[in-house]
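This report concerns only the one structure given below.
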Amino acid sequence: MNQFSFPARPCWAEIDTRALEENYRGLRELARGLASSAECVAVVKGDAYGHSLELCAPAAVRAGAAWLGVTSVEEAIAVRALASAARVLVMGGVFAGQSAAVVEHGITPSVWTLRQVNALEDAARAAGAGAGKFTVHLEIDTGMSRQGVGLDELPEILARFTPDSPLRIEAVMTHLYASDEANRVKSSAQLERLEEALRMVHAANPAAAAKVEFLSAGASAALLGGDGAVVAGIAARWKLKPMLRVGLALYGVAPRFLPAGAAGSGDAGSGAKLRPVMTWKTRVGSLREVPADAEIGYNGTFTATEPMRLALVAVGYADGLDRRLGNRFSLLVRGERAPLVGRVSMDQAVIDVTEIAGVREGDEVVILGVQGGEEVTAYDHADAEGTIPWEVFTRIAPRVERARV
Ligand SMILES: *Cc1c(COP(=O)(O)O)cnc(C)c1O
């Protein structure tokens, strides 16, 4: 329920936490197929990709996730409160003033600048951490140019990991930025650089290298496509455990591969059966009949060509329904597709139910998900909105209640 004594405006997302658990186990099995030592980080940044951290972090832990990945220290502290025993990885870097909190909450940061290393070392010392007791994941920039230390600056940062430092490199990490490109040209170049980085770590600081446990590279597309096996191969050569970090697939959506139809693509046919975790719903608030020539919605961008039956639904762009979907997308009611007619308003939209028999006030309307034999997928939204499923999910507004089912 909510803080009121009456039901809220009906616009909510049902979160099937069992689907998430099954997805996690399926993905981990896939990773363990590449290497029995493989670790699978459940990525729960962005409020669990808009699916609710509060619901999804514990579900991932129930499914056996030992590691949860987020972007910020704030998110990491929220995860810590929900999953006290999990390892929590902050992938977005530690900003000035955050190091003491990172140490205090037992969070594992990715690091790549001297400033980060210095600040964390000071914080770990201040907290009384002994030599090598505070672990970090050293991120290498292998080609994305977003974060990570470049190979030219790697020796300088490696020199900071002295035997008496409280910091220890637990993982050598990188982010593959094109695992969804089936030709693997970019990934191959990245993974060559990653292996060069491993060579440098061993040459420049063998003591630190001996304590590295994981090679962390690859997201959903790497695991479902070809990169995962290559990461596992490199990890095996260097006696490391491969660590894959899966986000989108955890929520039941397989990234699409390029070109379309390439191996490992769309259908999630490469081993893991994924089930979408979210169904986003609203209800019919009221119905009306309009005559031919009636204009519908702001600026009358739709004019009825015949007498029509229209349903008003409680979802608008303030809920995260893209305004550009007006006149070019359908929602589901009574298991059938009902076109959005006219512009999407801030808090409301109008669907055409002329051809759908028996639609009544209060009927459930599916914005994203399955109803009857029909489905509206995150990729349907993404394609119509000119974006990707990651953004579709994370744009669903906080005011849309996430309800565990
Ligand atoms: C978001 C993210 C992931 C997970 O990516 P998906 O494509 O959603 O699986 C993995 N690693 C890093 C560094 C990320 O930022």
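Following the order of the structure tokens, chains are lettered A, B, ..., residues in each are numbered from 1, and ligands are numbered from 1.
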**Thr174 in chain A surroundings by only C-alpha atoms, 7 Å radius, close-in-sequence under 5 positions cut, as a list in words** =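 Neighbouring residues, sequence-local ones excluded: Glu139, Ile140, Asp141, Thr142, Ser216 and Ala217 of chain A.
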With C-alpha atoms retained, export the selected residues as a JSON list (two decimals), in the first residue's frame.
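Heads up, here's the output in out.json:
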[["chain", "number", "residue", "atom", "x", "y", "z"],
["A", 139, "GLU", "CA", 40.79, -0.19, -13.70],
["A", 140, "ILE", "CA", 42.66, -0.07, -16.99],
["A", 141, "ASP", "CA", 41.59, 2.11, -19.89],
["A", 142, "THR", "CA", 41.81, -0.34, -22.76],
["A", 216, "SER", "CA", 37.20, -8.25, -14.18],
["A", 217, "ALA", "CA", 35.95, -7.58, -17.71]]
**Item:** Nearby polymer residues, ligand 1, at most 8 Å, only C-alpha atoms and all ligand atoms, as a ChimeraX atom specification
**Value:** /A:43,45,69-71,91-92,174-175,217-221,244-250,255,390
Keeping only C-alpha atoms, write the selected residues to a file as a PDB file, in the first residue's frame.
ATOM      1  CA  VAL A  43      25.002  -4.936 -11.301  1.00  0.00           C
ATOM      2  CA  LYS A  45      23.337   0.623 -10.264  1.00  0.00           C
ATOM      3  CA  GLY A  69      28.039  -3.647  -8.450  1.00  0.00           C
ATOM      4  CA  VAL A  70      27.006   0.001  -8.353  1.00  0.00           C
ATOM      5  CA  THR A  71      28.285   3.325  -9.661  1.00  0.00           C
ATOM      6  CA  MET A  91      32.532   1.039 -10.512  1.00  0.00           C
ATOM      7  CA  GLY A  92      32.239   4.783 -10.991  1.00  0.00           C
ATOM      8  CA  THR A 174      38.438  -2.968 -17.613  1.00  0.00           C
ATOM      9  CA  HIS A 175      35.172  -2.158 -19.352  1.00  0.00           C
ATOM     10  CA  ALA A 217      35.948  -7.576 -17.707  1.00  0.00           C
ATOM     11  CA  GLY A 218      32.749  -7.993 -19.604  1.00  0.00           C
ATOM     12  CA  ALA A 219      29.113  -7.086 -19.087  1.00  0.00           C
ATOM     13  CA  SER A 220      25.917  -8.812 -20.292  1.00  0.00           C
ATOM     14  CA  ALA A 221      26.867  -8.678 -23.960  1.00  0.00           C
ATOM     15  CA  LEU A 244      31.853 -10.721 -15.312  1.00  0.00           C
ATOM     16  CA  ARG A 245      29.572  -7.855 -14.370  1.00  0.00           C
ATOM     17  CA  VAL A 246      26.026  -8.377 -15.560  1.00  0.00           C
ATOM     18  CA  GLY A 247      23.325  -5.750 -15.544  1.00  0.00           C
ATOM     19  CA  LEU A 248      20.737  -5.728 -18.304  1.00  0.00           C
ATOM     20  CA  ALA A 249      20.536  -9.504 -18.656  1.00  0.00           C
ATOM     21  CA  LEU A 250      19.894  -9.814 -14.935  1.00  0.00           C
ATOM     22  CA  PRO A 255      21.417  -6.951 -25.311  1.00  0.00           C
ATOM     23  CA  TRP A 390      18.959   0.720 -20.216  1.00  0.00           C
TER      24      TRP A 390
END
Would you pick out the contacts of Thr305 in chain A at 9 Å or less, using only C-alpha atoms, so that residues sharing its chain but fewer than 6 positions from it are not included, and give the list as a short mmCIF file (atom, residue, chain, number, x, y, z; two decimals) with all heavy atoms, in the first residue's frame?
data_model
loop_
_atom_site.label_atom_id
_atom_site.label_comp_id
_atom_site.auth_asym_id
_atom_site.auth_seq_id
_atom_site.Cartn_x
_atom_site.Cartn_y
_atom_site.Cartn_z
N PRO A 291 -16.95 11.61 -31.79
CA PRO A 291 -17.39 11.52 -33.19
C PRO A 291 -16.21 11.68 -34.15
O PRO A 291 -15.14 12.14 -33.75
CB PRO A 291 -18.34 12.73 -33.31
CG PRO A 291 -17.81 13.71 -32.32
CD PRO A 291 -17.23 12.91 -31.18
N ALA A 292 -16.43 11.33 -35.40
CA ALA A 292 -15.44 11.62 -36.43
C ALA A 292 -15.13 13.11 -36.38
O ALA A 292 -16.00 13.92 -36.04
CB ALA A 292 -16.00 11.25 -37.80
N ASP A 293 -13.89 13.45 -36.66
CA ASP A 293 -13.39 14.83 -36.66
C ASP A 293 -13.02 15.36 -35.27
O ASP A 293 -12.52 16.48 -35.17
CB ASP A 293 -14.37 15.82 -37.33
CG ASP A 293 -14.53 15.53 -38.81
OD1 ASP A 293 -13.55 15.00 -39.40
OD2 ASP A 293 -15.60 15.80 -39.36
N ALA A 294 -13.25 14.59 -34.22
CA ALA A 294 -12.82 15.06 -32.90
C ALA A 294 -11.29 15.09 -32.86
O ALA A 294 -10.63 14.21 -33.41
CB ALA A 294 -13.34 14.13 -31.81
#
**Item:** Spatial neighbours of Gly373 in chain A, 12 Å, only C-alpha atoms, chain gap at least 4 places, as a ChimeraX atom specification
**Value:** /A:332-337,369
Contact residues around Val359 in chain A with only C-alpha atoms at 10 Å, ignoring same-chain residues under 3 positions, as a PDB file with C-alpha atoms, in the first residue's frame:
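Okay, this is what ended up in out.pdb:
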ATOM      1  CA  VAL A 284      -8.203   2.798 -17.533  1.00  0.00           C
ATOM      2  CA  LEU A 287     -13.831   6.038 -21.300  1.00  0.00           C
ATOM      3  CA  ARG A 309     -13.908   4.857 -28.293  1.00  0.00           C
ATOM      4  CA  LEU A 310     -11.065   6.266 -26.198  1.00  0.00           C
ATOM      5  CA  ALA A 311      -9.645   5.262 -22.839  1.00  0.00           C
ATOM      6  CA  VAL A 333      -5.481  -3.732 -22.757  1.00  0.00           C
ATOM      7  CA  ARG A 334      -7.572  -6.917 -22.676  1.00  0.00           C
ATOM      8  CA  VAL A 353      -9.940   1.043 -27.791  1.00  0.00           C
ATOM      9  CA  THR A 354     -12.472   1.263 -30.608  1.00  0.00           C
ATOM     10  CA  GLU A 355     -11.570  -2.203 -31.878  1.00  0.00           C
ATOM     11  CA  ILE A 356     -11.195  -3.836 -28.469  1.00  0.00           C
ATOM     12  CA  GLY A 362     -10.443   0.063 -14.055  1.00  0.00           C
ATOM     13  CA  ASP A 363      -9.063  -2.375 -16.642  1.00  0.00           C
ATOM     14  CA  GLU A 364      -5.359  -3.049 -16.340  1.00  0.00           C
TER      15      GLU A 364
END
**Request:** Would you kindly return, as a list in words, each protein, DNA or RNA residue with an atom no farther than 9 Å from any atom of Tyr177 in chain A, considering only C-alpha atoms and excluding same-chain residues fewer than 2 positions away?
**Result:**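 Once the adjacent positions are removed, what remains is Gly143, Met144, His175, Ser179, Asp180, Lys186, Ser187, Gln190 and Gly218 of chain A.
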If you keep all heavy atoms, can you produce a file of those selected residues as a compact mmCIF listing (two decimals), in the first residue's frame?
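Contents of again_10.txt, freshly written:
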# COMPACT_ATOMS: atom_id res chain seq x y z
N GLY A 143 40.59 1.33 -24.06
CA GLY A 143 40.12 1.85 -25.34
C GLY A 143 38.84 2.66 -25.28
O GLY A 143 38.49 3.32 -26.25
N MET A 144 38.16 2.66 -24.15
CA MET A 144 36.89 3.39 -24.09
C MET A 144 37.11 4.88 -23.78
O MET A 144 36.25 5.71 -24.06
CB MET A 144 36.01 2.76 -23.02
CG MET A 144 34.60 3.30 -22.99
SD MET A 144 33.64 2.49 -21.69
CE MET A 144 31.99 3.11 -22.07
N HIS A 175 36.54 -2.10 -18.85
CA HIS A 175 35.17 -2.16 -19.35
C HIS A 175 35.24 -2.32 -20.87
O HIS A 175 35.89 -1.53 -21.55
CB HIS A 175 34.41 -0.89 -18.97
CG HIS A 175 32.92 -1.01 -19.14
ND1 HIS A 175 32.22 -2.16 -18.82
CD2 HIS A 175 31.99 -0.12 -19.58
CE1 HIS A 175 30.93 -1.96 -19.07
NE2 HIS A 175 30.77 -0.74 -19.52
N SER A 179 31.06 -5.01 -26.78
CA SER A 179 30.83 -6.46 -26.76
C SER A 179 29.60 -6.85 -27.57
O SER A 179 29.40 -8.03 -27.86
CB SER A 179 30.65 -6.96 -25.32
OG SER A 179 31.87 -6.96 -24.65
N ASP A 180 28.77 -5.87 -27.91
CA ASP A 180 27.58 -6.17 -28.72
C ASP A 180 27.88 -6.11 -30.22
O ASP A 180 26.99 -6.27 -31.03
CB ASP A 180 26.44 -5.21 -28.36
CG ASP A 180 26.84 -3.75 -28.46
OD1 ASP A 180 28.05 -3.46 -28.69
OD2 ASP A 180 25.96 -2.88 -28.32
N LYS A 186 36.74 -4.40 -31.87
CA LYS A 186 37.10 -3.49 -30.78
C LYS A 186 37.45 -4.28 -29.52
O LYS A 186 38.43 -3.97 -28.82
CB LYS A 186 35.97 -2.51 -30.50
CG LYS A 186 35.71 -1.54 -31.65
CD LYS A 186 34.69 -0.48 -31.24
CE LYS A 186 34.39 0.50 -32.36
NZ LYS A 186 33.44 -0.05 -33.37
N SER A 187 36.65 -5.30 -29.23
CA SER A 187 36.93 -6.09 -28.03
C SER A 187 38.29 -6.77 -28.11
O SER A 187 39.02 -6.84 -27.12
CB SER A 187 35.85 -7.16 -27.83
OG SER A 187 34.62 -6.55 -27.52
N GLN A 190 40.87 -4.33 -27.26
CA GLN A 190 40.83 -4.03 -25.82
C GLN A 190 41.45 -5.14 -25.00
O GLN A 190 42.19 -4.89 -24.05
CB GLN A 190 39.37 -3.84 -25.38
CG GLN A 190 38.79 -2.49 -25.73
CD GLN A 190 37.51 -2.28 -24.94
OE1 GLN A 190 36.45 -2.79 -25.31
NE2 GLN A 190 37.59 -1.53 -23.85
N GLY A 218 33.88 -7.42 -18.89
CA GLY A 218 32.75 -7.99 -19.60
C GLY A 218 31.44 -7.81 -18.86
O GLY A 218 31.31 -8.16 -17.70
**Prompt:** Contacts of Gly50 in chain A at 10 Å or less, counting only C-alpha atoms, minus same-chain residues fewer than 4 places along, as a list in words?
**Reply:** Ala13, Val44, Lys45, Gly46, Cys56, Tyr251, Met278, Trp390, Glu391, Val392, Phe393, Thr394, Arg395, Ile396, Ala397, Pro398, Val400 and Arg402 of chain A
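The smallest atom-to-atom distance between Ala260 in chain A and any of A:Val290, A:Val230, A:Ala182, A:Leu82, using only C-alpha atoms, is found for A:Ala182.
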**Request:** Could you find all residues in range 7-152 of chain A that DSSP calls alpha helix (DSSP H) from the backbone, and write them as a ChimeraX atom specification?
**Result:** /A:17-34,45-49,53-62,73-82,99-104,114-126
**Complete:** Counting only C-alpha atoms, closest pick from A:Gly316, A:Arg62, A:Ala210, A:Glu289 relative to Arg18 in chain A is A:Arg62
